[in-house]
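**Q** Here's a structure for you.
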Amino acid sequence: MHHSPVSSSLSNGIVDPTLVPCRTLSSGAKMPAIGLGTFGSDHVSHSAVAEAVKYAASIGYRHFDCASVYGNENQIGKVFKDLFQGELRRDKVWITSKLWNDKHGEEAVIASCEKSLADLQIDYLDLYLVHWPFPNHHPSGCDVSARNPHAVSYIHENYMRTWRKMEELVDRGLVRHIGTSNMTIPKMELLLRDARIKPVANEMELHPHFQQPEFFRYLNEKGIQPIGFSPIGSPGRPERDRVPDDTSPTEDPGIRQIAQRLGVHPAVVCIKWAVQRGQVPIPFSANPRNILSNLVGVTNEPLTQQEMDAIEKLDRNCRLIKGQVFLWRDNQSWEDLWDVNGVITPP
Ligand SMILES: NC(=O)c1ccc[n+]([C@@H]2O[C@H](COP(=O)([O-])OP(=O)(O)OC[C@H]3O[C@@H](n4cnc5c(N)ncnc54)[C@H](OP(=O)(O)O)[C@@H]3O)[C@@H](O)[C@H]2O)c1
């Protein structure tokens with residue numbers, strides 16, 4: 001049977017937000033099971049991203065994944081201001097932001113969060129993430145060979161200095177929850193050992209060609225919600241994040257076959273799979289039609305169990321966002337950022 005994207009969840013091109021599934025976090029709070037990404041990948045303008053947020057909110061999105069490093073929080077803030085001065089209540093929307101790598105340590109965490117709040121024109125965040133476990137940063141739009149001369153390996157004591165300030169943000173009521181991003185099991189073990197306030201979520205790359213089954217299971221066991229970035233395989237990612245061996249989940253014949261059955265773009269199959277598996281995908285799009293079809297996809301006919309099982313077998317362990325620009329030594333390979341042997345890579 002052929003299904004058009006127009007379903008019972010859709011009336012006048014708007015999805016009823018109460019029909020969008022939610023995830024209950026360890027705190028009991030409910031996070032909408034799909035969010036809109038806001039990284040323009042260095043080529044979509046800040047104003048176009050803000051327009052996407054505005055449109056997405058108007059058709060039923062209630063979760064936005066922001067970050068100071070995306071450079072567009074002040075434009076998105078204008079949209080939020082208008083929304084919350086209108087009909088929409090702030091507590092009906094989930095807003096995440098992230099601490100950039102150059103703000104780790106004791107000095108800058110609180111000020112950086114306050115800057116994001118001011119830019120976004122809100123008085124609290126639902127979730128604040130440490131964007132990367134490394135304090136290493138790079139200029140936006142840089143090339144894959146760019147290295148920060150002060151880059152260092154993961155130093156747990158330093159990460160905990162940052163984390164203590166993240167905890168203080170919760171104590172002060174500036175953020176409801178704190179979490180991590182781009183972590184690994186051994187790093188998470190140390191954080192869970194030492195945290196006073198545990199992370200409620202970890203944001204990580206997740207799509208049919210990079211399912212991270214072991215880490216995914218681990219997070220679920222620990223009650224940490226996985227948030228999946230690049231859920232479509234980030235077809236618009238910056239040049240620095242492309243190598244010839246990369247594969248594309250939307251070109252996978254297994255995904256395309258399911259897309260054909262449902263009469264949707266393969267991207268929508270990736271989003272449906274993500275929500276049904278239990279992660280929270282945060283697809284980016286600047287195209288109204290795609291923004292809408294991704295949301296509709298999580299409210300209408302689900303994938304069958306056979307389709308879910310078939311997609312599980314498509315995993316290629318193909319990490320697309322490798323993070324080369326965060327490496328700290330010459331002659332390293334990007335795998336060193338990800339503790340692939342189960343041990344934190346030493347300095
Ligand atoms: N924590 C981190 O370190 C981290 C890292 C990377 C990303 N993120 C977050 O995750 C978000 C999403 O990741 P991403 O932007 O890398 O990749 P993505 O969401 O996998 O892919 C976005 C691309 O997919 C296309 N697309 C979206 N929906 C589509 C549809 N229904 N049909 C056809 N094409 C579609 C978009 O093009 P159109 O605009 O033409 O629709 C856009 O080029 C980011 O925006 C950011 O918020 C976080």
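Please note that chains go A, B, ... in the order of the structure tokens, that every chain numbers its residues from 1, and that ligands are numbered from 1 in the order shown.
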Got a sec to check which residues lie within 8 Å of ligand 1, using only C-alpha atoms and all ligand atoms, and send them as a CSV table (one decimal) with C-alpha atoms, in the first residue's frame?
**A**
```csv
chain,number,residue,atom,x,y,z
A,36,LEU,CA,15.3,20.2,14.9
A,37,GLY,CA,19.1,20.5,14.5
A,38,THR,CA,20.4,24.1,14.0
A,39,PHE,CA,23.9,23.6,12.7
A,40,GLY,CA,24.1,25.2,9.3
A,41,SER,CA,27.2,23.2,8.5
A,64,PHE,CA,15.5,22.6,19.3
A,65,ASP,CA,19.1,21.6,19.4
A,66,CYS,CA,21.2,24.7,19.6
A,67,ALA,CA,24.9,25.5,20.4
A,98,LYS,CA,26.1,23.4,24.4
A,131,HIS,CA,29.8,19.8,23.4
A,132,TRP,CA,33.1,17.7,23.3
A,181,SER,CA,28.2,14.9,23.9
A,182,ASN,CA,30.7,12.9,21.9
A,203,GLU,CA,24.4,13.5,22.2
A,204,MET,CA,26.2,11.3,19.7
A,205,GLU,CA,26.3,10.4,16.0
A,207,HIS,CA,22.2,6.7,11.9
A,228,GLY,CA,21.3,11.1,17.8
A,229,PHE,CA,23.0,13.7,15.7
A,230,SER,CA,23.5,13.5,11.9
A,231,PRO,CA,20.5,11.1,11.9
A,232,ILE,CA,20.3,11.2,8.1
A,233,GLY,CA,24.1,10.8,7.6
A,234,SER,CA,24.6,14.6,7.4
A,235,PRO,CA,24.6,14.9,3.5
A,236,GLY,CA,25.4,18.6,3.8
A,237,ARG,CA,28.3,18.3,6.3
A,265,HIS,CA,12.4,10.1,1.1
A,266,PRO,CA,15.0,7.7,2.6
A,267,ALA,CA,15.8,10.4,5.1
A,268,VAL,CA,12.3,9.9,6.7
A,281,PRO,CA,17.1,12.2,16.4
A,282,ILE,CA,17.7,15.9,15.7
A,283,PRO,CA,17.6,16.2,11.9
A,284,PHE,CA,18.6,19.5,10.4
A,285,SER,CA,16.8,20.9,7.4
A,286,ALA,CA,16.4,24.3,5.9
A,287,ASN,CA,13.7,23.1,3.5
A,288,PRO,CA,10.1,23.4,4.8
A,289,ARG,CA,8.9,20.3,2.9
A,290,ASN,CA,11.7,18.2,4.5
A,291,ILE,CA,11.2,19.8,8.0
A,292,LEU,CA,7.5,18.8,7.8
A,293,SER,CA,8.0,15.3,6.4
A,294,ASN,CA,10.5,14.4,9.2
A,321,ILE,CA,31.9,13.2,12.2
```
**Q** Contacts of Leu125 of chain A at 8 Å or less, counting only C-alpha atoms, minus same-chain residues fewer than 5 places along, as a PyMOL selection string?
**A** chain A and resi 94-97+117+174-177
**Q** Calculated over only C-alpha atoms, which of the candidates A:Ile14, A:Met160, A:Ala48, A:Leu314 has the smallest distance to Ser248 of chain A?
**A**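 Of A:Ile14, A:Met160, A:Ala48, A:Leu314, the one nearest Ser248 of chain A, counting only C-alpha atoms, is A:Leu314.
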**Q** Which residues come within 7 Å of His137 of chain A, counting only C-alpha atoms, excluding same-chain residues fewer than 6 positions away, as an NGL selection string?
**A** :A and (101-102 or 148 or 326)
**Q** From segment 68-311 of chain A, collect each residue whose DSSP state is strand (DSSP E or B) and return the set as a VMD selection string.
**A** chain A and resid 94 to 99 125 127 to 130 175 178 to 181 201 to 205 207 210 225 to 229 280 to 281
**Q** Using only C-alpha atoms, please write the residues we just selected to a file, as an mmCIF file, in the first residue's frame.
**A**
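Here's the written file result_32.cif:
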```cif
data_model
loop_
_atom_site.group_PDB
_atom_site.id
_atom_site.type_symbol
_atom_site.label_atom_id
_atom_site.label_comp_id
_atom_site.auth_asym_id
_atom_site.auth_seq_id
_atom_site.Cartn_x
_atom_site.Cartn_y
_atom_site.Cartn_z
ATOM 1 C CA TRP A 94 12.529 21.743 24.890
ATOM 2 C CA ILE A 95 15.628 23.870 24.246
ATOM 3 C CA THR A 96 19.156 22.476 24.364
ATOM 4 C CA SER A 97 22.406 24.403 24.056
ATOM 5 C CA LYS A 98 26.053 23.435 24.390
ATOM 6 C CA LEU A 99 29.231 24.680 25.997
ATOM 7 C CA LEU A 125 17.669 25.868 29.204
ATOM 8 C CA LEU A 127 19.460 20.834 28.675
ATOM 9 C CA TYR A 128 23.035 22.115 28.561
ATOM 10 C CA LEU A 129 25.676 19.816 27.103
ATOM 11 C CA VAL A 130 29.449 19.795 27.184
ATOM 12 C CA VAL A 175 19.450 24.876 33.310
ATOM 13 C CA ILE A 178 23.005 18.708 32.102
ATOM 14 C CA GLY A 179 24.499 16.217 29.727
ATOM 15 C CA THR A 180 27.405 15.225 27.545
ATOM 16 C CA SER A 181 28.191 14.884 23.867
ATOM 17 C CA ALA A 201 21.532 12.526 28.009
ATOM 18 C CA ASN A 202 24.493 11.988 25.704
ATOM 19 C CA GLU A 203 24.398 13.477 22.215
ATOM 20 C CA MET A 204 26.215 11.285 19.701
ATOM 21 C CA GLU A 205 26.324 10.398 16.025
ATOM 22 C CA HIS A 207 22.223 6.701 11.933
ATOM 23 C CA PHE A 210 26.632 4.123 12.545
ATOM 24 C CA GLN A 225 19.027 9.170 26.969
ATOM 25 C CA PRO A 226 20.915 8.932 23.653
ATOM 26 C CA ILE A 227 20.297 11.940 21.375
ATOM 27 C CA GLY A 228 21.253 11.106 17.791
ATOM 28 C CA PHE A 229 22.979 13.749 15.695
ATOM 29 C CA VAL A 280 16.083 11.157 19.933
ATOM 30 C CA PRO A 281 17.074 12.221 16.401
#
```
**Q** DSSP says helix (DSSP H, G or I) for which residues of segment 36-167 of chain A? Put them as a ChimeraX atom specification?
**A** /A:46-59,68-70,73-85,90-92,101-103,109-120,156-167
**Q** Smallest atom-to-atom distance to Trp163 of chain A: which of A:Pro139, A:Pro302, A:Pro199, A:Pro249, using only C-alpha atoms?
**A**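 Smallest separation from Trp163 of chain A among the options: A:Pro199.
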**Q** Suppose you want the space between atom CA of Ser27 of chain A and atom CA of Phe216 of chain A; what is it in Å?
**A**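 Atom-to-atom, atom CA of Ser27 of chain A and atom CA of Phe216 of chain A are spaced 19.1 Å apart.
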**Q** Please list as a compact mmCIF listing (two decimals) with C-alpha atoms, in the first residue's frame every residue within 10 Å of segment 270-277 of chain A, counting only C-alpha atoms and excluding residues in the same chain fewer than 6 positions away.
**A**
```txt
# COMPACT_ATOMS: atom_id res chain seq x y z
CA PRO A 21 6.21 10.77 21.09
CA CYS A 22 8.27 11.82 24.14
CA ARG A 23 11.11 10.19 26.08
CA ALA A 33 11.41 12.33 20.66
CA ILE A 34 12.48 14.43 17.67
CA LEU A 206 23.64 7.80 15.29
CA HIS A 207 22.22 6.70 11.93
CA PRO A 208 21.67 3.34 10.19
CA HIS A 209 25.33 3.16 9.09
CA GLN A 211 24.49 2.55 15.22
CA ILE A 227 20.30 11.94 21.37
CA GLY A 228 21.25 11.11 17.79
CA PRO A 231 20.51 11.07 11.87
CA ILE A 232 20.30 11.25 8.06
CA GLY A 233 24.05 10.83 7.60
CA PRO A 249 22.53 5.72 4.82
CA THR A 250 20.08 7.44 2.47
CA ILE A 255 16.69 1.99 3.34
CA ALA A 259 11.25 4.38 1.58
CA PRO A 283 17.61 16.22 11.94
CA SER A 293 7.99 15.28 6.42
CA ASN A 294 10.53 14.42 9.15
CA LEU A 295 8.00 15.35 11.84
CA VAL A 296 5.07 13.65 10.12
CA GLY A 297 7.24 10.54 9.81
CA VAL A 298 7.37 10.04 13.57
CA THR A 299 3.59 10.26 13.99
CA ASN A 300 2.26 8.04 11.20
CA GLU A 301 2.65 4.39 10.27
CA PRO A 302 5.67 2.84 12.04
CA LEU A 303 8.27 0.58 10.42
CA THR A 304 7.49 -3.10 10.78
CA GLN A 305 9.52 -5.33 13.11
CA GLU A 307 12.13 -3.58 8.74
CA MET A 308 13.61 -2.65 12.13
CA ILE A 311 18.02 -1.92 9.38
CA GLU A 312 19.90 -3.23 12.42
```
**Q** With only C-alpha atoms as the counted atoms, please give the residues lying no more than 12 Å from Asn12 of chain A, apart from itself and same-chain residues fewer than 6 positions off, as a ChimeraX atom specification.
**A** /A:6,58-60,292
**Q** Could the residues in this selection be saved with N, CA and C atoms as a PDB file, in the first residue's frame?
**A**
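Full text of selection.pdb as output:
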```pdb
ATOM      1  N   VAL A   6       0.679  12.761   3.828  1.00  0.00           N
ATOM      2  CA  VAL A   6      -0.476  13.368   4.495  1.00  0.00           C
ATOM      3  C   VAL A   6      -1.170  12.272   5.298  1.00  0.00           C
ATOM      4  N   SER A  58       6.113  26.444  13.985  1.00  0.00           N
ATOM      5  CA  SER A  58       4.747  26.708  13.522  1.00  0.00           C
ATOM      6  C   SER A  58       4.032  25.432  13.091  1.00  0.00           C
ATOM      7  N   ILE A  59       4.804  24.395  12.733  1.00  0.00           N
ATOM      8  CA  ILE A  59       4.130  23.153  12.293  1.00  0.00           C
ATOM      9  C   ILE A  59       4.168  22.068  13.357  1.00  0.00           C
ATOM     10  N   GLY A  60       4.690  22.352  14.542  1.00  0.00           N
ATOM     11  CA  GLY A  60       4.557  21.381  15.631  1.00  0.00           C
ATOM     12  C   GLY A  60       5.834  20.877  16.279  1.00  0.00           C
ATOM     13  N   LEU A 292       8.828  19.341   7.524  1.00  0.00           N
ATOM     14  CA  LEU A 292       7.504  18.783   7.789  1.00  0.00           C
ATOM     15  C   LEU A 292       7.518  17.262   7.666  1.00  0.00           C
TER      16      LEU A 292
END
```
**Q** Considering only C-alpha atoms, can you say which of A:Asn74, A:Lys103, A:His43, A:Met166 comes closest to Arg196 of chain A?
**A**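 Among the listed residues, A:Met166 lies closest to Arg196 of chain A.
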**Q** With distances taken over only C-alpha atoms, which of A:Asp309, A:Glu51, A:Asp336, A:Asp252 is nearest to Lys78 of chain A?
**A**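 Of the candidates, the smallest distance to Lys78 of chain A is held by A:Glu51.
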